[in-house]
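Remarks on the structure that follows.
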Amino acid sequence: MYTVDFIADLAKAIIALFIIVDPFGNIPIFVGLTEKIQPTHRRRVYNVAILVGVILLLIFAFLGQEILTIFGLSIFSFEIAGGILLLIVSVRILSSSKSTHDEDVESPESLGAVPIAIPLLVGPGAITTTIFNLQSYGSAVTILAVIVVLAITWLILRYINAVYRVLGKTGALVIARAMALLIAAIAVQYILNGMTHYLTASI
């Protein structure tokens, strides 16, 4: 019976976290953010993003509440900060008029960590869900859920180069500009959600 309950809890934790991380829905955004990067370097971007994502989610799973308490922060602060960060990224993409292979493109490590790992993969929703999983299902289920979800995400990103081959250079550039608008909208929504939640909690 314990095994059945454990599997059921694990399935619920994985599904909840996978829906929040939403790697399929974020594919166009990933394409837009990495359209200037060579295919070999692009793999490094996604490897770094997944590694950073796993580490961050596990840290927040076990120390999230303590970190927030120590610094006097709320999860709403992460929503607003993540929104501002994404807004800056979207403005940079939209204002860029350089060729797709300029030398000053961000390093794979930098781009993989920010903004792909955080706040796109590990945003306020993923952090909150992971903390909830820990409180509801325990540490074993939480750790396995994080590993499984980000392993699936890595597999999706591992084969994303096929998307580039279909789009071509021009298509990727168009997607990058279009997705920059979407990123800006997501950023604004993050900020509005954070402010709304903060004001609601303060009343």
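By convention in this document, the chains of the structure tokens carry letters A, B, ... by their order, each chain's residues are numbered from 1, and ligands are numbered from 1 in the order they are shown.
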Just the residues within 8 Å of Ile50 (chain A), please, counting only C-alpha atoms, with nothing from its chain fewer than 4 positions along; format it as a PyMOL selection string. chain A and resi 46+54+117+150-151+153-154
Next, dump the selected residues to file, keeping only all heavy atoms, as a PDB file, in the first residue's frame.
ATOM      1  N   TYR A  46      21.515  24.916 -22.758  1.00  0.00           N
ATOM      2  CA  TYR A  46      20.442  24.126 -22.170  1.00  0.00           C
ATOM      3  C   TYR A  46      20.957  23.205 -21.063  1.00  0.00           C
ATOM      4  O   TYR A  46      20.256  22.963 -20.082  1.00  0.00           O
ATOM      5  CB  TYR A  46      19.737  23.323 -23.256  1.00  0.00           C
ATOM      6  CG  TYR A  46      19.031  24.203 -24.269  1.00  0.00           C
ATOM      7  CD1 TYR A  46      19.058  23.919 -25.632  1.00  0.00           C
ATOM      8  CD2 TYR A  46      18.338  25.330 -23.859  1.00  0.00           C
ATOM      9  CE1 TYR A  46      18.407  24.738 -26.551  1.00  0.00           C
ATOM     10  CE2 TYR A  46      17.686  26.151 -24.770  1.00  0.00           C
ATOM     11  CZ  TYR A  46      17.725  25.849 -26.107  1.00  0.00           C
ATOM     12  OH  TYR A  46      17.083  26.668 -27.004  1.00  0.00           O
ATOM     13  N   VAL A  54      17.814  22.467 -11.575  1.00  0.00           N
ATOM     14  CA  VAL A  54      17.746  21.404 -10.561  1.00  0.00           C
ATOM     15  C   VAL A  54      18.268  21.915  -9.222  1.00  0.00           C
ATOM     16  O   VAL A  54      17.636  21.732  -8.164  1.00  0.00           O
ATOM     17  CB  VAL A  54      18.551  20.165 -11.011  1.00  0.00           C
ATOM     18  CG1 VAL A  54      18.689  19.181  -9.855  1.00  0.00           C
ATOM     19  CG2 VAL A  54      17.885  19.487 -12.188  1.00  0.00           C
ATOM     20  N   ALA A 117      17.176  29.401 -17.060  1.00  0.00           N
ATOM     21  CA  ALA A 117      16.964  28.634 -15.824  1.00  0.00           C
ATOM     22  C   ALA A 117      16.037  29.378 -14.888  1.00  0.00           C
ATOM     23  O   ALA A 117      15.055  28.836 -14.391  1.00  0.00           O
ATOM     24  CB  ALA A 117      18.308  28.346 -15.155  1.00  0.00           C
ATOM     25  N   LEU A 150      12.781  17.932 -14.766  1.00  0.00           N
ATOM     26  CA  LEU A 150      13.870  18.618 -15.460  1.00  0.00           C
ATOM     27  C   LEU A 150      14.629  17.667 -16.396  1.00  0.00           C
ATOM     28  O   LEU A 150      15.223  18.114 -17.377  1.00  0.00           O
ATOM     29  CB  LEU A 150      14.808  19.280 -14.456  1.00  0.00           C
ATOM     30  CG  LEU A 150      14.174  20.494 -13.764  1.00  0.00           C
ATOM     31  CD1 LEU A 150      15.165  21.180 -12.842  1.00  0.00           C
ATOM     32  CD2 LEU A 150      13.654  21.500 -14.776  1.00  0.00           C
ATOM     33  N   ALA A 151      14.589  16.360 -16.122  1.00  0.00           N
ATOM     34  CA  ALA A 151      15.160  15.397 -17.070  1.00  0.00           C
ATOM     35  C   ALA A 151      14.333  15.379 -18.354  1.00  0.00           C
ATOM     36  O   ALA A 151      14.882  15.353 -19.466  1.00  0.00           O
ATOM     37  CB  ALA A 151      15.204  14.006 -16.441  1.00  0.00           C
ATOM     38  N   THR A 153      12.509  17.855 -19.400  1.00  0.00           N
ATOM     39  CA  THR A 153      12.771  19.153 -20.016  1.00  0.00           C
ATOM     40  C   THR A 153      14.088  19.134 -20.777  1.00  0.00           C
ATOM     41  O   THR A 153      14.187  19.673 -21.891  1.00  0.00           O
ATOM     42  CB  THR A 153      12.816  20.260 -18.940  1.00  0.00           C
ATOM     43  OG1 THR A 153      11.572  20.262 -18.227  1.00  0.00           O
ATOM     44  CG2 THR A 153      13.040  21.629 -19.575  1.00  0.00           C
ATOM     45  N   TRP A 154      15.110  18.489 -20.209  1.00  0.00           N
ATOM     46  CA  TRP A 154      16.408  18.394 -20.886  1.00  0.00           C
ATOM     47  C   TRP A 154      16.272  17.627 -22.196  1.00  0.00           C
ATOM     48  O   TRP A 154      16.863  18.016 -23.213  1.00  0.00           O
ATOM     49  CB  TRP A 154      17.422  17.699 -19.983  1.00  0.00           C
ATOM     50  CG  TRP A 154      18.768  17.556 -20.637  1.00  0.00           C
ATOM     51  CD1 TRP A 154      19.770  18.481 -20.706  1.00  0.00           C
ATOM     52  CD2 TRP A 154      19.250  16.406 -21.345  1.00  0.00           C
ATOM     53  NE1 TRP A 154      20.839  17.992 -21.404  1.00  0.00           N
ATOM     54  CE2 TRP A 154      20.553  16.723 -21.810  1.00  0.00           C
ATOM     55  CE3 TRP A 154      18.718  15.153 -21.628  1.00  0.00           C
ATOM     56  CZ2 TRP A 154      21.319  15.819 -22.548  1.00  0.00           C
ATOM     57  CZ3 TRP A 154      19.481  14.255 -22.361  1.00  0.00           C
ATOM     58  CH2 TRP A 154      20.762  14.590 -22.801  1.00  0.00           C
TER      59      TRP A 154
END
State, in Å with one decimal place, the distance from CA of Arg177 (chain A) to CA of Gln189 (chain A). 18.9 Å
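Each of A:Gly194, A:Ile203, A:Leu68, A:Val148 was checked against Ile84 (chain A) using only C-alpha atoms; the smallest atom-to-atom distance is that of A:Gly194.
Across the structure, CA of Thr69 (chain A) and CA of Ile191 (chain A) are spaced 21.2 Å apart.
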Applying 7 Å and only C-alpha atoms, which residues near region 6-10 of chain A remain after dropping the ones on its own chain fewer than 3 positions away? List them as a PyMOL selection string. chain A and resi 2-3+13-14+137+141+145
Serialized selection, all heavy atoms, as a CSV table (one decimal), in the first residue's frame:
chain,number,residue,atom,x,y,z
A,2,TYR,N,2.0,1.2,0.8
A,2,TYR,CA,2.9,2.3,0.8
A,2,TYR,C,3.4,2.6,-0.5
A,2,TYR,O,3.5,3.8,-0.9
A,2,TYR,CB,4.0,2.0,1.8
A,2,TYR,CG,5.1,3.1,1.8
A,2,TYR,CD1,4.9,4.3,2.5
A,2,TYR,CD2,6.2,2.9,1.1
A,2,TYR,CE1,5.9,5.3,2.5
A,2,TYR,CE2,7.2,3.9,1.1
A,2,TYR,CZ,7.0,5.1,1.8
A,2,TYR,OH,8.0,6.0,1.8
A,3,THR,N,3.8,1.6,-1.3
A,3,THR,CA,4.3,1.8,-2.6
A,3,THR,C,3.3,2.5,-3.6
A,3,THR,O,3.7,3.4,-4.3
A,3,THR,CB,4.8,0.5,-3.2
A,3,THR,OG1,5.8,-0.1,-2.3
A,3,THR,CG2,5.4,0.7,-4.6
A,13,ALA,N,2.9,15.0,-7.9
A,13,ALA,CA,3.9,16.1,-7.8
A,13,ALA,C,4.6,16.4,-9.2
A,13,ALA,O,4.8,17.5,-9.5
A,13,ALA,CB,5.0,15.6,-6.8
A,14,ILE,N,4.8,15.3,-9.9
A,14,ILE,CA,5.5,15.5,-11.3
A,14,ILE,C,4.5,16.2,-12.2
A,14,ILE,O,5.0,17.2,-12.9
A,14,ILE,CB,5.8,14.1,-11.9
A,14,ILE,CG1,7.0,13.5,-11.1
A,14,ILE,CG2,6.2,14.2,-13.4
A,14,ILE,CD1,7.3,12.0,-11.5
A,137,TYR,N,4.1,16.0,0.3
A,137,TYR,CA,4.5,14.6,0.0
A,137,TYR,C,5.8,14.2,0.6
A,137,TYR,O,6.1,13.0,0.5
A,137,TYR,CB,4.5,14.5,-1.6
A,137,TYR,CG,3.3,14.9,-2.3
A,137,TYR,CD1,3.4,15.9,-3.3
A,137,TYR,CD2,2.0,14.4,-2.0
A,137,TYR,CE1,2.2,16.3,-3.9
A,137,TYR,CE2,0.9,14.8,-2.6
A,137,TYR,CZ,1.0,15.8,-3.6
A,137,TYR,OH,-0.1,16.2,-4.2
A,141,VAL,N,9.7,12.3,-2.5
A,141,VAL,CA,8.8,12.6,-3.7
A,141,VAL,C,9.2,13.9,-4.3
A,141,VAL,O,9.3,14.0,-5.6
A,141,VAL,CB,7.3,12.7,-3.2
A,141,VAL,CG1,6.5,13.3,-4.3
A,141,VAL,CG2,6.8,11.3,-2.9
A,145,ALA,N,10.5,14.3,-8.1
A,145,ALA,CA,9.7,15.1,-9.0
A,145,ALA,C,10.5,16.1,-9.7
A,145,ALA,O,10.4,16.3,-11.0
A,145,ALA,CB,8.5,15.8,-8.3
In terms of only C-alpha atoms, the residue from A:Leu182, A:Ala201, A:Ile118, A:Ile160 at minimal distance from Ile55 (chain A) is A:Ile118
Within 12 Å of Ala81 (chain A), counting only C-alpha atoms, which residues qualify if same-chain residues fewer than 2 places away don't, as an MDAnalysis selection string? chainID A and resid 73:79 83:88 115 118:119 123:124 187:195
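From CA of Leu120 (chain A) back to CA of Leu134 (chain A), the distance works out to 21.2 Å.
Among the candidate residues A:Gln38, A:Ser95, A:Thr128, A:Asn47, the one lying nearest to Leu181 (chain A) is A:Ser95, with distances computed using only C-alpha atoms.
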Which of region 21-120 of chain A DSSP labels helix (DSSP H, G or I), written as a count of residues only: 74
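The residue that comes closest to Val149 (chain A), out of A:Ile37, A:Ala126, A:Val45, A:Ile131 and on the basis of only C-alpha atoms, is A:Ala126.
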Counting only C-alpha atoms, the residue among A:Ala185, A:Leu63, A:Tyr198, A:Ala16 that lies closest to Ile80 (chain A) is A:Tyr198
Residue with the minimum atom-to-atom distance to Leu111 (chain A), picked from A:Val89, A:Leu56, A:Ala61, A:Val166 with only C-alpha atoms counted, is A:Val89
